[in-house]
file my_file_9.cif (mmCIF, C-alpha atoms)
data_run
loop_
_atom_site.label_atom_id
_atom_site.label_comp_id
_atom_site.auth_asym_id
_atom_site.auth_seq_id
_atom_site.Cartn_x
_atom_site.Cartn_y
_atom_site.Cartn_z
CA MET A 781 164.17 109.38 40.10
CA VAL A 782 160.92 111.15 40.92
CA GLU A 783 161.24 114.66 42.29
CA LEU A 784 159.86 115.13 45.79
CA GLY A 785 158.37 118.42 44.70
CA LEU A 786 156.17 116.62 42.19
CA LEU A 787 155.01 114.20 44.89
CA GLU A 788 154.15 117.15 47.12
CA GLN A 789 152.01 118.56 44.34
CA LEU A 790 150.33 115.19 43.79
CA ALA A 791 149.59 114.92 47.51
CA ALA A 792 148.07 118.40 47.46
CA PHE A 793 145.82 117.41 44.54
CA ALA A 794 144.76 114.25 46.40
CA ARG A 795 143.86 116.31 49.47
CA ARG A 796 142.04 119.10 47.70
CA GLY A 797 140.44 117.20 44.83
CA THR A 798 140.78 119.85 42.10
CA LEU A 799 143.62 121.55 40.26
CA SER A 800 142.43 125.01 41.27
CA ALA A 801 142.23 124.20 44.98
CA ALA A 802 145.58 122.39 44.97
CA ALA A 803 147.23 125.23 43.03
CA GLU A 804 145.87 127.73 45.54
CA GLU A 805 147.31 125.68 48.44
CA LEU A 806 150.68 125.40 46.72
CA HIS A 807 150.73 129.07 45.66
CA ILE A 808 151.36 128.23 42.00
CA SER A 809 149.28 128.69 38.87
CA GLN A 810 146.82 126.05 37.73
CA PRO A 811 148.55 125.59 34.33
CA ALA A 812 151.89 125.09 36.11
CA LEU A 813 150.38 122.40 38.33
CA SER A 814 148.80 120.70 35.31
CA GLN A 815 152.18 120.57 33.58
CA SER A 816 153.80 119.16 36.75
CA MET A 817 151.26 116.32 36.88
CA LYS A 818 151.94 115.48 33.23
CA LYS A 819 155.67 115.43 34.00
CA LEU A 820 155.11 113.14 36.96
CA GLU A 821 153.16 110.72 34.76
CA ALA A 822 155.98 110.81 32.20
CA ASP A 823 158.65 110.22 34.86
CA LEU A 824 156.75 107.27 36.33
CA GLY A 825 155.66 105.87 32.96
CA VAL A 826 152.04 105.42 34.10
CA LEU A 827 148.78 107.34 33.88
CA LEU A 828 147.65 108.77 37.19
CA PHE A 829 144.53 110.68 36.15
CA GLU A 830 141.23 110.24 34.40
CA ARG A 831 140.80 113.26 32.17
CA THR A 832 137.49 114.50 30.89
CA ARG A 833 136.64 117.81 29.30
CA ASN A 834 135.66 119.48 32.56
CA ARG A 835 137.28 117.34 35.22
CA LEU A 836 140.54 115.79 36.30
CA ARG A 837 140.57 113.07 38.92
CA LEU A 838 142.93 110.39 40.16
CA ASN A 839 142.55 106.88 38.80
CA GLU A 840 143.33 103.85 40.99
CA THR A 841 147.03 104.06 40.13
CA GLY A 842 146.99 107.76 40.98
CA VAL A 843 145.36 107.10 44.36
CA LEU A 844 148.07 104.55 45.18
CA ALA A 845 150.78 106.93 43.92
CA ALA A 846 149.46 109.69 46.17
CA GLN A 847 149.44 107.36 49.18
CA LEU A 848 152.97 106.06 48.54
CA GLY A 849 154.16 109.56 47.74
CA GLU A 850 152.84 110.89 51.03
CA ALA A 851 154.69 108.10 52.85
CA LEU A 852 157.92 109.02 51.03
CA LEU A 853 157.44 112.69 51.88
CA GLU A 854 156.96 111.81 55.54
CA GLN A 855 160.16 109.75 55.47
CA SER A 856 161.97 112.68 53.86
CA ARG A 857 160.70 115.07 56.54
CA ASP A 858 161.74 112.60 59.23
CA LEU A 859 165.21 112.29 57.68
CA GLU A 860 165.64 116.07 57.62
CA GLU A 861 164.52 116.43 61.24
CA ARG A 862 166.79 113.65 62.46
CA LEU A 863 169.79 115.14 60.68
CA ARG A 864 169.10 118.61 62.09
CA LEU A 865 168.63 117.24 65.61
CA PHE A 866 171.80 115.13 65.37
CA ASP A 867 173.82 118.08 64.13
CA ARG A 868 172.46 120.28 66.93
CA SER A 869 173.21 117.57 69.52
CA ARG A 870 176.94 117.80 68.63
CA ARG A 871 176.97 121.40 69.89
CA THR A 872 173.96 121.70 72.20
CA ILE A 873 172.57 119.77 75.16
CA SER A 874 168.82 120.14 74.92
CA LEU A 875 167.18 119.65 78.29
CA GLY A 876 163.43 119.24 78.59
CA THR A 877 161.70 119.54 81.94
CA CYS A 878 158.27 118.94 83.43
CA ALA A 879 158.66 121.79 85.98
CA PRO A 880 160.79 124.93 86.29
CA ALA A 881 162.38 124.37 89.71
CA PRO A 882 164.76 121.49 88.75
CA LEU A 883 166.31 123.71 86.08
CA TRP A 884 167.65 126.09 88.73
CA ASP A 885 170.24 123.49 89.67
CA LEU A 886 170.55 121.23 86.66
CA SER A 887 170.99 123.80 83.90
CA PRO A 888 174.03 125.58 85.43
CA ARG A 889 175.42 122.20 86.50
CA LEU A 890 175.38 121.04 82.89
CA ALA A 891 177.06 124.26 81.78
CA ARG A 892 179.88 123.69 84.28
CA LEU A 893 180.36 120.01 83.44
CA TYR A 894 180.19 120.45 79.65
CA PRO A 895 181.63 123.93 78.98
CA GLN A 896 182.13 123.18 75.29
CA MET A 897 178.37 122.72 74.83
CA THR A 898 175.49 125.16 74.76
CA VAL A 899 172.64 124.24 77.12
CA SER A 900 169.10 124.91 75.95
CA THR A 901 165.99 124.22 78.02
CA GLU A 902 162.30 123.75 77.31
CA LEU A 903 159.34 123.35 79.66
CA LYS A 904 156.58 120.87 78.87
CA ASN A 905 153.38 120.07 80.73
CA SER A 906 153.63 116.29 80.49
CA ASP A 907 156.24 113.61 80.91
CA GLN A 908 155.01 111.89 77.75
CA ALA A 909 155.78 114.93 75.62
CA LEU A 910 159.30 114.95 77.08
CA LEU A 911 159.83 111.23 76.49
CA ASP A 912 158.58 111.52 72.91
CA GLY A 913 161.10 114.33 72.36
CA LEU A 914 163.85 112.25 73.94
CA ALA A 915 163.03 109.32 71.65
CA ARG A 916 163.28 111.39 68.46
CA GLY A 917 166.39 113.29 69.55
CA ALA A 918 164.79 116.65 70.30
CA TYR A 919 166.23 116.36 73.83
CA GLN A 920 169.37 114.70 75.11
CA LEU A 921 168.15 114.82 78.72
CA VAL A 922 164.74 115.25 80.32
CA ILE A 923 163.47 115.86 83.83
CA THR A 924 160.33 113.86 84.58
CA HIS A 925 158.25 113.31 87.70
CA THR A 926 157.77 109.61 86.95
CA PRO A 927 160.47 106.89 87.00
CA PRO A 928 162.17 106.07 83.68
CA GLY A 929 160.86 103.11 81.74
CA GLU A 930 162.44 100.52 79.49
CA GLY A 931 165.26 101.74 77.26
CA LEU A 932 165.95 104.71 79.52
CA TYR A 933 168.37 105.51 82.32
CA GLY A 934 167.69 107.96 85.08
CA LEU A 935 168.14 108.88 88.72
CA PRO A 936 165.78 110.51 91.21
CA PHE A 937 167.67 113.64 92.25
CA GLN A 938 165.26 116.17 93.72
CA LYS A 939 161.90 116.52 95.45
CA GLU A 940 159.46 119.40 95.49
CA ARG A 941 156.49 120.01 97.74
CA LEU A 942 153.68 122.52 97.28
CA PHE A 943 152.52 125.02 99.90
CA LEU A 944 149.89 127.73 99.85
CA SER A 945 150.95 131.30 100.55
CA VAL A 946 148.14 133.49 101.94
CA PRO A 947 147.93 136.97 103.46
CA PRO A 948 147.42 137.05 107.27
CA SER A 949 143.84 138.28 106.88
CA HIS A 950 142.78 135.32 104.72
CA PRO A 951 140.34 132.81 106.31
CA LEU A 952 142.83 129.98 105.69
CA ALA A 953 145.76 131.76 107.32
CA GLU A 954 145.28 130.06 110.71
CA ARG A 955 145.30 126.55 109.27
CA THR A 956 148.33 124.33 109.88
CA ALA A 957 147.67 122.16 106.82
CA LEU A 958 145.34 122.14 103.83
CA THR A 959 143.85 119.55 101.48
CA PRO A 960 142.72 120.11 97.89
CA ALA A 961 139.13 120.08 99.18
CA ASP A 962 139.98 123.11 101.33
CA LEU A 963 141.22 124.97 98.25
CA ASP A 964 138.56 123.96 95.75
CA GLY A 965 136.32 126.93 95.06
CA GLN A 966 138.89 129.48 96.25
CA ASN A 967 140.22 132.39 94.19
CA LEU A 968 143.87 131.56 93.50
CA LEU A 969 146.73 133.35 91.76
CA LEU A 970 148.53 131.08 89.28
CA TYR A 971 151.66 131.52 87.19
CA THR A 972 151.46 130.10 83.68
CA ASP A 973 154.84 128.39 83.24
CA ILE A 974 154.67 125.70 85.93
CA GLY A 975 154.72 122.59 83.75
CA PHE A 976 152.87 119.53 85.03
CA TRP A 977 151.72 121.39 88.16
CA HIS A 978 148.96 122.79 85.96
CA ASP A 979 147.46 119.29 85.90
CA PHE A 980 147.44 119.21 89.70
CA CYS A 981 145.67 122.56 89.85
CA ARG A 982 143.07 121.80 87.18
CA GLU A 983 142.34 118.21 88.18
CA ARG A 984 142.47 118.45 91.96
CA LEU A 985 140.84 121.90 92.14
CA PRO A 986 138.17 121.79 89.42
CA ASN A 987 136.03 124.48 91.04
CA ALA A 988 138.79 126.93 91.93
CA HIS A 989 138.92 130.30 90.22
CA PHE A 990 142.40 131.01 88.85
CA LEU A 991 143.83 134.42 88.11
CA VAL A 992 146.53 133.45 85.62
CA MET A 993 149.62 135.61 85.06
CA SER A 994 152.40 135.10 82.53
CA GLU A 995 154.92 137.77 83.63
CA TRP A 996 157.13 136.40 86.40
CA ASP A 997 158.10 139.75 87.94
CA ALA A 998 154.52 140.94 87.99
CA PHE A 999 153.37 137.62 89.42
CA GLY A 1000 155.95 137.82 92.20
CA GLU A 1001 154.86 141.33 93.11
CA VAL A 1002 151.16 140.45 93.20
CA ALA A 1003 151.79 137.15 95.01
CA GLY A 1004 153.84 138.91 97.66
CA THR A 1005 151.53 141.81 98.38
CA GLY A 1006 148.10 140.93 97.01
CA ALA A 1007 145.02 139.45 98.64
CA PHE A 1008 144.95 136.30 96.53
CA PRO A 1009 146.47 133.04 97.80
CA SER A 1010 149.17 131.56 95.57
CA PHE A 1011 151.24 128.41 95.40
CA VAL A 1012 154.85 128.28 96.52
CA SER A 1013 157.18 125.30 96.89
CA ASP A 1014 159.95 124.31 99.27
CA LEU A 1015 162.47 124.56 96.41
CA HIS A 1016 161.32 128.08 95.60
CA MET A 1017 161.54 129.11 99.25
CA ALA A 1018 165.02 127.60 99.56
CA ARG A 1019 166.08 129.78 96.63
CA GLU A 1020 164.12 132.99 97.24
CA GLY A 1021 163.26 132.79 100.93
CA VAL A 1022 159.94 132.41 102.73
CA PRO A 1023 157.42 135.03 101.49
CA ALA A 1024 157.49 137.93 103.92
CA GLY A 1025 154.27 138.82 105.69
CA ARG A 1026 152.47 135.71 104.46
CA ALA A 1027 151.28 132.50 106.05
CA VAL A 1028 152.77 129.47 104.29
CA ILE A 1029 150.71 126.31 104.73
CA PRO A 1030 151.59 122.77 103.52
CA ILE A 1031 149.17 121.03 101.15
CA LEU A 1032 148.45 117.44 102.17
CA ASP A 1033 148.02 115.42 99.02
CA ASP A 1034 150.09 112.74 97.29
CA ARG A 1035 150.17 114.79 94.10
CA ALA A 1036 151.31 117.92 95.94
CA GLU A 1037 154.78 116.38 96.24
CA ALA A 1038 156.92 115.38 93.27
CA THR A 1039 160.14 113.42 92.87
CA TYR A 1040 162.17 114.53 89.86
CA TYR A 1041 164.19 112.14 87.70
CA CYS A 1042 167.02 113.12 85.40
CA VAL A 1043 166.64 110.81 82.39
CA CYS A 1044 168.50 109.99 79.20
CA ARG A 1045 168.31 107.21 76.66
CA ALA A 1046 170.04 104.10 77.94
CA GLU A 1047 172.63 104.14 75.16
CA HIS A 1048 173.68 107.68 76.19
CA ARG A 1049 174.31 106.80 79.84
CA ASP A 1050 178.10 106.91 79.52
CA GLN A 1051 177.94 110.21 77.64
CA TYR A 1052 176.36 111.87 80.70
CA ARG A 1053 178.08 109.83 83.37
CA ARG A 1054 179.78 112.93 84.81
CA LEU A 1055 176.40 114.56 85.35
CA PHE A 1056 174.80 111.55 87.00
CA GLN A 1057 177.80 111.13 89.30
CA THR A 1058 177.28 114.65 90.68
CA LEU A 1059 173.57 114.24 91.41
CA ASP A 1060 172.47 113.63 94.99
CA ARG A 1061 170.16 110.67 94.70
CA VAL A 1062 166.94 110.99 96.69
CA LEU A 1063 164.68 108.19 97.85
#
call {"tool": "encode", "arguments": {"input": "my_file_9.cif", "output": "structure tokens"}}
result
Amino acid sequence: MVELGLLEQLAAFARRGTLSAAAEELHISQPALSQSMKKLEADLGVLLFERTRNRLRLNETGVLAAQLGEALLEQSRDLEERLRLFDRSRRTISLGTCAPAPLWDLSPRLARLYPQMTVSTELKNSDQALLDGLARGAYQLVITHTPPGEGLYGLPFQKERLFLSVPPSHPLAERTALTPADLDGQNLLLYTDIGFWHDFCRERLPNAHFLVMSEWDAFGEVAGTGAFPSFVSDLHMAREGVPAGRAVIPILDDRAEATYYCVCRAEHRDQYRRLFQTLDRVL
């Protein structure tokens, strides 16, 4: 049986084109790589290279061997990842989410319902990234803001609506409602880890000027006392209270309101039945 390590070295040679470049990539000596390629030829019983005095290059058989070898290496990497993810899934519920707010309820709920499991969470900016992770086993559950498709099971369990928080002296403070057009071109304070809401901000407010902050405590302090408007949601206000000394104005836009779905693969529905039974379904 051919060693995967030899196929990795062959693939490196195919990518780089010379022994010296491939050896440098692999962090081995050029003579060692040359010996490995001779061993691979011996193991396979075929010639893979055309050898001249000053050059070594793949022949047609070598090109095919490199292509097939790369496919085998990819299968091997996929096997290793699937085994690691399966082993982790026996001890850990990995929950991916498109926004932070749904985690405030769902993460501790999972911990209560499945005390023998560790709950890990990860925030992504797109539903597709979450669904791809769910398909390959990186997540057991995901929270999306779009309904589940074929092969999936999920329930809508929570809604979130965006508001703008502004100081009383701001020109927008007297408004009873705002549209994205009202906000486009404004200077706005924005927290980094907000998941898919970044798409709303960038796409609906292309001319806004964002002051981006990554530290939550610092963001909260600046958002509460600074002169810049910032976004706040009804879920955040239900948890933390209405920002003191600020005007909070609803944003009128279809994309300023999201319905969250808790989703798993259809074949895992029974495994998480207890969770789905506790969720308050929203319309």
call {"tool": "residues_around", "arguments": {"input": "my_file_9.cif", "residues": "Glu850 in chain A", "least_positions_apart": "3", "cutoff": "9 Å", "atoms": "only C-alpha atoms", "output": "list in words"}}
result
Leu787, Glu788, Leu790, Ala791, Ala845, Ala846, Gln847, Leu853, Glu854 and Gln855 of chain A
call {"tool": "residues_around", "arguments": {"input": "my_file_9.cif", "residues": "Thr798 in chain A", "least_positions_apart": "5", "cutoff": "9 Å", "atoms": "only C-alpha atoms", "output": "PyMOL selection string"}}
result
chain A and resi 793+803+835-837
call {"tool": "residues_around", "arguments": {"input": "my_file_9.cif", "residues": "Gly1006 in chain A", "least_positions_apart": "6", "cutoff": "10 Å", "atoms": "all atoms listed in the file", "output": "list in words"}}
result
Val946, Pro947, Leu969, Phe999 and Gly1000 of chain A
call {"tool": "residues_around", "arguments": {"input": "my_file_9.cif", "residues": "Arg916 in chain A", "least_positions_apart": "4", "cutoff": "10 Å", "atoms": "all atoms listed in the file", "output": "list in words"}}
result
Asp858, Glu861, Arg862, Leu865, Phe866, Leu911, Asp912 and Gln920 of chain A
call {"tool": "resolve_selection", "arguments": {"input": "my_file_9.cif", "expression": "the PyMOL selection byres ((chain A and resi 1030) around 12)", "output": "PyMOL selection string"}}
result
chain A and resi 940-946+952-953+955-960+962-963+1011-1014+1027-1029+1031-1034+1036-1037
call {"tool": "resolve_selection", "arguments": {"input": "my_file_9.cif", "expression": "the PyMOL selection byres ((chain A and resi 1046) around 12)", "output": "tab-separated table (two decimals) with C-alpha atoms, keeping the file's coordinate frame"}}
result
chain	number	residue	atom	x	y	z
A	914	LEU	CA	163.85	112.25	73.94
A	915	ALA	CA	163.03	109.32	71.65
A	920	GLN	CA	169.37	114.70	75.11
A	921	LEU	CA	168.15	114.82	78.72
A	928	PRO	CA	162.17	106.07	83.68
A	929	GLY	CA	160.86	103.11	81.74
A	930	GLU	CA	162.44	100.52	79.49
A	931	GLY	CA	165.26	101.74	77.26
A	932	LEU	CA	165.95	104.71	79.52
A	933	TYR	CA	168.37	105.51	82.32
A	934	GLY	CA	167.69	107.96	85.08
A	935	LEU	CA	168.14	108.88	88.72
A	1043	VAL	CA	166.64	110.81	82.39
A	1044	CYS	CA	168.50	109.99	79.20
A	1045	ARG	CA	168.31	107.21	76.66
A	1047	GLU	CA	172.63	104.14	75.16
A	1048	HIS	CA	173.68	107.68	76.19
A	1049	ARG	CA	174.31	106.80	79.84
A	1050	ASP	CA	178.10	106.91	79.52
A	1051	GLN	CA	177.94	110.21	77.64
A	1052	TYR	CA	176.36	111.87	80.70
A	1053	ARG	CA	178.08	109.83	83.37
call {"tool": "resolve_selection", "arguments": {"input": "my_file_9.cif", "expression": "the PyMOL selection byres ((chain A and resi 876) around 6)", "output": "number ranges by chain"}}
result
A: 875, 877, 901-903, 922
call {"tool": "atom_distance", "arguments": {"input": "my_file_9.cif", "atom1": "CA of Leu968 in chain A", "atom2": "CA of Ile923 in chain A"}}
result
26.9 Å
call {"tool": "atom_distance", "arguments": {"input": "my_file_9.cif", "atom1": "CA of Ala891 in chain A", "atom2": "CA of Ser869 in chain A"}}
result
14.5 Å
call {"tool": "atom_distance", "arguments": {"input": "my_file_9.cif", "atom1": "CA of Leu852 in chain A", "atom2": "CA of Asp823 in chain A"}}
result
16.2 Å
call {"tool": "residues_around", "arguments": {"input": "my_file_9.cif", "residues": "Met817 in chain A", "least_positions_apart": "3", "cutoff": "8 Å", "atoms": "only C-alpha atoms", "output": "PDB file with C-alpha atoms, in the coordinates of the input"}}
result
ATOM      1  CA  LEU A 786     156.170 116.620  42.190  1.00  0.00           C
ATOM      2  CA  GLN A 789     152.010 118.560  44.340  1.00  0.00           C
ATOM      3  CA  LEU A 790     150.330 115.190  43.790  1.00  0.00           C
ATOM      4  CA  LEU A 813     150.380 122.400  38.330  1.00  0.00           C
ATOM      5  CA  SER A 814     148.800 120.700  35.310  1.00  0.00           C
ATOM      6  CA  LEU A 820     155.110 113.140  36.960  1.00  0.00           C
ATOM      7  CA  GLU A 821     153.160 110.720  34.760  1.00  0.00           C
TER       8      GLU A 821
END
call {"tool": "axis_aligned_box", "arguments": {"input": "my_file_9.cif", "around": "range 929-934 of chain A", "padding_each_side": "4 Å", "output": "AutoDock Vina command-line options"}}
result
--center_x 164.6 --center_y 104.2 --center_z 81.2 --size_x 15.5 --size_y 15.4 --size_z 15.8
call {"tool": "residues_near_point", "arguments": {"input": "my_file_9.cif", "point": "(157.3, 114.8, 83.2)", "cutoff": "9 Å", "atoms": "all atoms listed in the file", "output": "PyMOL selection string"}}
result
chain A and resi 876-879+904-911+922-926+975-976+1040-1041
